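Undergrad: Sharing a structure here in structure tokens format.
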Amino acid sequence: MRALVAAAIGLAAALALVFTITTIGAPPGETSPKPLLTTVPGPKNQ
Amino acid sequence: MRRRASLVLLAFAVFFAAMSPLLRWYAFPRLAKIPPSQYQETVLEAKPATLLDYNDNMKVKTVPKVTIVQTLKGNVEESEKIERSAGRDVVVWDALSFVAGPDGKMVSQIPERYIFDAHSQAPVHATGESVDGDPVRREGIEFKWPFLTEKRDYEYFDAQTRTSSPIHYKGNRTFHGMDVYYFEQTIPWTKVPMPKKMPIQGVTTEQIAKTGMTRWYTTKRMFWIDPVTGAPVNGEEIHKEELRNAKKMGMPQDTMTVFAGHVKMRPDYVESIVDLVKSQRLLVLLLTSYLPWGFVVLGAGLLALALWLEARSRRPDGELPDGAPATAPDPEPTPA
């Protein structure tokens with residue numbers, strides 16, 4: 001019985017963590033203020 | 001004490017064993033997505049190229065270089081609007097392909113709005129989906145392949161013809177130390193619309209259309225795709241454009257080459273994109289492979305440890321389990 005309770009706690013913790021992470025997700029951010037380019041850019045900085 | 005420890009270990013073992021499939025098949029499809037605010041520029045060059053010089057008596061010239069600057073800009077406000085009606089994560093890319101001659105001046109430019117599912121990269125049809133101001137309805141992919149790209153043909157949208165056709169998987173290649181999938185698509189000679197912005201002052205697309213002159217195009221498109229992220233790490237095109245019935249516009253020949261060249265990504269952009277893809281690839285692999293397999297091994301290890309502790313706690317010569325009543329030793333036998 002104790003083993004079953006321990007297993008249930010482990011499973012519930014895993015479900016709670018994954019559901020929380022996927023629900024929060026990543027913030028969408030903002031549209032970049034940079035323009036669509038109409039000139040040829042110089043060498044790309046690494 | 002040992003029994004309590006084994007129960008805690010059992011809880012952790014179940015936690016990690018459950019995390020493994022949950023990460024791979026529940027979290028990954030929901031977490032892996034293109035951010036709606038992405039901004040990316042790519043520079044491609046054709047060296048040398050054949051180019052029609054509109055400003056020098058319509059002469060077809062061989063020039064040292066033609067540059068194509070392609071910008072993709074995520075429009076967050078538009079994606080949020082479309083998400084509300086579509087009920088899923090959507091990305092709206094406002095794109096511009098700006099073609100510059102050897103002097104850096106505009107040869108043509110084609111704006112696009114590409115709307116797609118942030119997770120699967122499947123096109124989403126909404127108002128505003130367009131190429132050069134013309135409404136289109138895309139089928140298949142454009143610019144990027146889905147996460148965990150498969151070894152198969154995909155439908156790929158061609159912005160010039162405004163149609164989709166298969167892009168064929170042609171095998172694996174090694175590119176900058178990465179194992180990538182190579183895809184190829186050939187668009188046969190096809191009549192395509194004139195770009196809305198031309199390098200000739202005072203001439204509109206409508207005026208050209210009235211003369212009966214037409215624009216034709218063919219290309220062989222090649223992509224090297226990182227199969228984990230679905231991102232192109234290299235792209236090339238063998239591209240040809242012609243004007244036909246050109247004498248009707250007063251040109252010296254009836255068929256005039258507008259542009260011909262082998263377009264390749266500029267090396268500094270290849271380096272930059274490879275670096276970006278390698279960092280993103282690690283994140284995807286963490287969710288699809290490293291963490292799930294690591295958790296399986298960890299879960300199995302913890303379970304084994306829990307069972308071992310439990311078994312030890314039950315041995316007669318071992319420590320007594322917590323809360324077990326102490327029993328008196330058996331009395332010595334007495335002679336009858």
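Please note that chains go A, B, ... in the order of the structure tokens, that every chain numbers its residues from 1, and that ligands are numbered from 1 in the order shown.
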Find the residues of chain B in contact range of chain A, meaning any atom within 7 Å when counting only C-alpha atoms, and list them as a PyMOL selection string.
TA: chain B and resi 7-8+10-12+14-15+18-19+27+30-31+35-37+39+69+71+74-76+96+98+104+268-269+272
Undergrad: I need the chosen residues saved as a CSV table (one decimal), in the first residue's frame, with N, CA and C atoms.
TA:
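Contents of again34.csv, as written:
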```csv
chain,number,residue,atom,x,y,z
B,7,LEU,N,11.0,3.8,-0.3
B,7,LEU,CA,9.7,4.4,-0.8
B,7,LEU,C,9.9,5.7,-1.5
B,8,VAL,N,10.8,6.5,-0.9
B,8,VAL,CA,11.2,7.8,-1.6
B,8,VAL,C,11.8,7.6,-3.0
B,10,LEU,N,11.4,4.9,-4.8
B,10,LEU,CA,10.4,4.4,-5.7
B,10,LEU,C,9.6,5.6,-6.3
B,11,ALA,N,9.3,6.6,-5.5
B,11,ALA,CA,8.5,7.7,-6.0
B,11,ALA,C,9.3,8.4,-7.1
B,12,PHE,N,10.6,8.6,-6.8
B,12,PHE,CA,11.5,9.3,-7.8
B,12,PHE,C,11.6,8.4,-9.1
B,14,VAL,N,9.4,6.3,-10.3
B,14,VAL,CA,8.2,6.5,-11.1
B,14,VAL,C,8.1,7.8,-11.8
B,15,PHE,N,8.6,8.9,-11.0
B,15,PHE,CA,8.6,10.2,-11.6
B,15,PHE,C,9.4,10.3,-12.9
B,18,ALA,N,7.9,8.2,-15.7
B,18,ALA,CA,6.8,8.8,-16.3
B,18,ALA,C,7.2,10.0,-17.2
B,19,MET,N,8.2,10.7,-16.7
B,19,MET,CA,8.7,11.9,-17.4
B,19,MET,C,9.2,11.6,-18.8
B,27,ALA,N,5.1,16.8,-24.2
B,27,ALA,CA,5.7,18.1,-24.1
B,27,ALA,C,6.4,18.5,-25.4
B,30,ARG,N,4.3,20.1,-28.1
B,30,ARG,CA,3.7,21.4,-27.7
B,30,ARG,C,4.7,22.5,-27.5
B,31,LEU,N,5.9,22.1,-27.1
B,31,LEU,CA,7.0,23.1,-26.8
B,31,LEU,C,7.8,23.5,-28.0
B,35,PRO,N,9.3,30.6,-32.9
B,35,PRO,CA,8.8,31.8,-32.1
B,35,PRO,C,8.2,32.8,-33.1
B,36,PRO,N,7.0,33.4,-32.7
B,36,PRO,CA,6.4,34.3,-33.6
B,36,PRO,C,7.1,35.6,-33.9
B,37,SER,N,8.1,35.8,-33.1
B,37,SER,CA,8.9,37.1,-33.2
B,37,SER,C,10.2,37.0,-33.9
B,39,TYR,N,13.3,37.0,-36.4
B,39,TYR,CA,13.7,37.9,-37.5
B,39,TYR,C,15.0,37.3,-38.0
B,69,VAL,N,18.8,39.5,-51.2
B,69,VAL,CA,18.7,39.6,-49.7
B,69,VAL,C,17.3,39.2,-49.3
B,71,THR,N,14.7,38.6,-46.3
B,71,THR,CA,14.4,38.9,-44.8
B,71,THR,C,13.1,38.2,-44.5
B,74,GLY,N,8.9,38.0,-38.2
B,74,GLY,CA,7.7,37.5,-37.6
B,74,GLY,C,6.8,38.7,-37.1
B,75,ASN,N,5.6,38.7,-37.5
B,75,ASN,CA,4.6,39.7,-37.2
B,75,ASN,C,3.8,39.2,-36.0
B,76,VAL,N,4.2,39.6,-34.8
B,76,VAL,CA,3.5,39.0,-33.6
B,76,VAL,C,2.1,39.5,-33.5
B,96,LEU,N,10.6,39.5,-47.5
B,96,LEU,CA,11.0,40.3,-48.7
B,96,LEU,C,12.2,39.7,-49.4
B,98,PHE,N,14.8,40.8,-51.9
B,98,PHE,CA,15.2,42.0,-52.6
B,98,PHE,C,16.4,41.6,-53.5
B,104,GLY,N,24.4,47.5,-56.5
B,104,GLY,CA,23.6,47.5,-55.3
B,104,GLY,C,22.2,48.0,-55.5
B,268,ASP,N,29.5,33.9,-45.1
B,268,ASP,CA,29.3,34.3,-43.7
B,268,ASP,C,27.9,34.0,-43.2
B,269,TYR,N,26.9,34.0,-44.0
B,269,TYR,CA,25.6,33.6,-43.6
B,269,TYR,C,25.5,32.1,-43.4
B,272,SER,N,26.9,31.6,-40.0
B,272,SER,CA,25.9,32.1,-38.9
B,272,SER,C,24.7,31.1,-38.8
```
Undergrad: Would you please extract all alpha helix (DSSP H) residues from chain A, as assigned by DSSP on the backbone, and give them as a PyMOL selection string?
TA: chain A and resi 2-24
Undergrad: With a distance cut-off of 9 Å and only C-alpha atoms, select the neighbouring residues of Ile68 (chain B), excluding the residue or stretch itself and same-chain residues fewer than 4 positions from it, and output the selection as a PyMOL selection string.
TA: (chain A and resi 40) or (chain B and resi 42-46+97-101+263)
Undergrad: Give the strand (DSSP E) residues of region 79-158 of chain B, as DSSP finds them on the backbone, and put them as a ChimeraX atom specification.
TA: /B:90-100,106-117,130-131,134-135,154-158
Undergrad: Store the residues of this selection in a file with N, CA and C atoms, as an mmCIF file, in the first residue's frame.
TA:
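Below you can see result.cif, which holds the result:
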```cif
data_model
loop_
_atom_site.group_PDB
_atom_site.id
_atom_site.type_symbol
_atom_site.label_atom_id
_atom_site.label_comp_id
_atom_site.auth_asym_id
_atom_site.auth_seq_id
_atom_site.Cartn_x
_atom_site.Cartn_y
_atom_site.Cartn_z
ATOM 1 N N VAL B 90 0.167 30.144 -34.263
ATOM 2 C CA VAL B 90 0.366 30.529 -35.662
ATOM 3 C C VAL B 90 1.551 31.494 -35.736
ATOM 4 N N VAL B 91 2.305 31.376 -36.818
ATOM 5 C CA VAL B 91 3.388 32.321 -37.089
ATOM 6 C C VAL B 91 3.064 33.059 -38.391
ATOM 7 N N VAL B 92 3.243 34.361 -38.375
ATOM 8 C CA VAL B 92 3.072 35.158 -39.595
ATOM 9 C C VAL B 92 4.437 35.734 -39.946
ATOM 10 N N TRP B 93 4.929 35.335 -41.092
ATOM 11 C CA TRP B 93 6.206 35.884 -41.550
ATOM 12 C C TRP B 93 5.932 36.874 -42.674
ATOM 13 N N ASP B 94 6.392 38.109 -42.488
ATOM 14 C CA ASP B 94 6.436 39.061 -43.590
ATOM 15 C C ASP B 94 7.828 38.925 -44.186
ATOM 16 N N ALA B 95 7.877 38.544 -45.441
ATOM 17 C CA ALA B 95 9.168 38.263 -46.070
ATOM 18 C C ALA B 95 9.395 39.206 -47.245
ATOM 19 N N LEU B 96 10.647 39.466 -47.524
ATOM 20 C CA LEU B 96 10.994 40.268 -48.703
ATOM 21 C C LEU B 96 12.223 39.655 -49.357
ATOM 22 N N SER B 97 12.077 39.382 -50.657
ATOM 23 C CA SER B 97 13.246 38.964 -51.449
ATOM 24 C C SER B 97 13.653 40.160 -52.293
ATOM 25 N N PHE B 98 14.763 40.757 -51.925
ATOM 26 C CA PHE B 98 15.238 41.965 -52.604
ATOM 27 C C PHE B 98 16.446 41.569 -53.456
ATOM 28 N N VAL B 99 16.310 41.806 -54.764
ATOM 29 C CA VAL B 99 17.395 41.432 -55.685
ATOM 30 C C VAL B 99 18.140 42.701 -56.073
ATOM 31 N N ALA B 100 19.451 42.689 -55.847
ATOM 32 C CA ALA B 100 20.273 43.866 -56.145
ATOM 33 C C ALA B 100 21.296 43.527 -57.225
ATOM 34 N N MET B 106 18.266 48.190 -56.929
ATOM 35 C CA MET B 106 17.212 47.182 -56.991
ATOM 36 C C MET B 106 16.999 46.668 -58.418
ATOM 37 N N VAL B 107 16.959 45.342 -58.555
ATOM 38 C CA VAL B 107 16.596 44.712 -59.824
ATOM 39 C C VAL B 107 15.130 44.299 -59.738
ATOM 40 N N SER B 108 14.762 43.695 -58.647
ATOM 41 C CA SER B 108 13.339 43.400 -58.382
ATOM 42 C C SER B 108 13.193 43.138 -56.894
ATOM 43 N N GLN B 109 11.972 43.213 -56.423
ATOM 44 C CA GLN B 109 11.726 42.834 -55.023
ATOM 45 C C GLN B 109 10.329 42.255 -54.910
ATOM 46 N N ILE B 110 10.238 41.166 -54.177
ATOM 47 C CA ILE B 110 8.947 40.480 -54.036
ATOM 48 C C ILE B 110 8.631 40.309 -52.556
ATOM 49 N N PRO B 111 7.607 41.017 -52.070
ATOM 50 C CA PRO B 111 7.186 40.798 -50.673
ATOM 51 C C PRO B 111 6.222 39.613 -50.585
ATOM 52 N N GLU B 112 6.229 38.980 -49.434
ATOM 53 C CA GLU B 112 5.323 37.831 -49.215
ATOM 54 C C GLU B 112 4.790 37.888 -47.804
ATOM 55 N N ARG B 113 3.605 37.363 -47.612
ATOM 56 C CA ARG B 113 3.152 37.065 -46.247
ATOM 57 C C ARG B 113 2.865 35.565 -46.175
ATOM 58 N N TYR B 114 3.580 34.904 -45.283
ATOM 59 C CA TYR B 114 3.490 33.442 -45.136
ATOM 60 C C TYR B 114 2.943 33.145 -43.745
ATOM 61 N N ILE B 115 1.820 32.451 -43.686
ATOM 62 C CA ILE B 115 1.160 32.153 -42.411
ATOM 63 C C ILE B 115 1.172 30.633 -42.221
ATOM 64 N N PHE B 116 1.685 30.199 -41.085
ATOM 65 C CA PHE B 116 1.795 28.743 -40.905
ATOM 66 C C PHE B 116 1.696 28.344 -39.436
ATOM 67 N N ASP B 117 1.421 27.062 -39.248
ATOM 68 C CA ASP B 117 1.319 26.490 -37.896
ATOM 69 C C ASP B 117 2.715 26.477 -37.252
ATOM 70 N N SER B 130 -0.157 36.163 -49.000
ATOM 71 C CA SER B 130 0.041 36.772 -50.323
ATOM 72 C C SER B 130 1.473 36.627 -50.822
ATOM 73 N N VAL B 131 1.617 36.851 -52.128
ATOM 74 C CA VAL B 131 2.930 36.985 -52.759
ATOM 75 C C VAL B 131 2.859 38.202 -53.670
ATOM 76 N N ASP B 134 -0.480 39.712 -54.388
ATOM 77 C CA ASP B 134 -1.552 38.847 -54.905
ATOM 78 C C ASP B 134 -1.933 37.824 -53.844
ATOM 79 N N PRO B 135 -3.232 37.687 -53.553
ATOM 80 C CA PRO B 135 -3.634 36.656 -52.584
ATOM 81 C C PRO B 135 -3.264 35.269 -53.104
ATOM 82 N N TYR B 154 8.415 16.363 -49.931
ATOM 83 C CA TYR B 154 7.454 17.305 -49.335
ATOM 84 C C TYR B 154 6.896 18.185 -50.447
ATOM 85 N N GLU B 155 5.702 18.715 -50.231
ATOM 86 C CA GLU B 155 5.171 19.742 -51.132
ATOM 87 C C GLU B 155 5.842 21.058 -50.749
ATOM 88 N N TYR B 156 6.376 21.768 -51.734
ATOM 89 C CA TYR B 156 7.074 23.019 -51.451
ATOM 90 C C TYR B 156 6.473 24.126 -52.317
ATOM 91 N N PHE B 157 6.192 25.242 -51.681
ATOM 92 C CA PHE B 157 5.544 26.354 -52.383
ATOM 93 C C PHE B 157 6.584 27.200 -53.112
ATOM 94 N N ASP B 158 6.305 27.457 -54.390
ATOM 95 C CA ASP B 158 7.185 28.297 -55.198
ATOM 96 C C ASP B 158 6.535 29.667 -55.347
#
```
Undergrad: What is the CA of Pro102 (chain B)-CA of Lys59 (chain B) distance in Å, reported with one decimal?
TA: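 CA of Lys59 (chain B) lies at a distance of 14.9 Å from CA of Pro102 (chain B).
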Undergrad: What is the CA of Glu241 (chain B) to CA of Thr219 (chain B) distance in Å?
TA: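 If I compute the distance from CA of Glu241 (chain B) to CA of Thr219 (chain B), I get 8.6 Å.
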Undergrad: Between B:Ala246, B:Phe28, B:Thr204, B:Thr174, which is the closest to Val233 (chain B) once you count only C-alpha atoms?
TA: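 Looking only at the distances to Val233 (chain B), the closest residue turns out to be B:Thr174.
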Undergrad: Could you name the residues that touch Ile200 (chain B) at 8 Å or less, counting only C-alpha atoms, but leaving out those on the same chain fewer than 2 positions away, as an MDAnalysis selection string?
TA: chainID B and resid 54:55 198 202:203
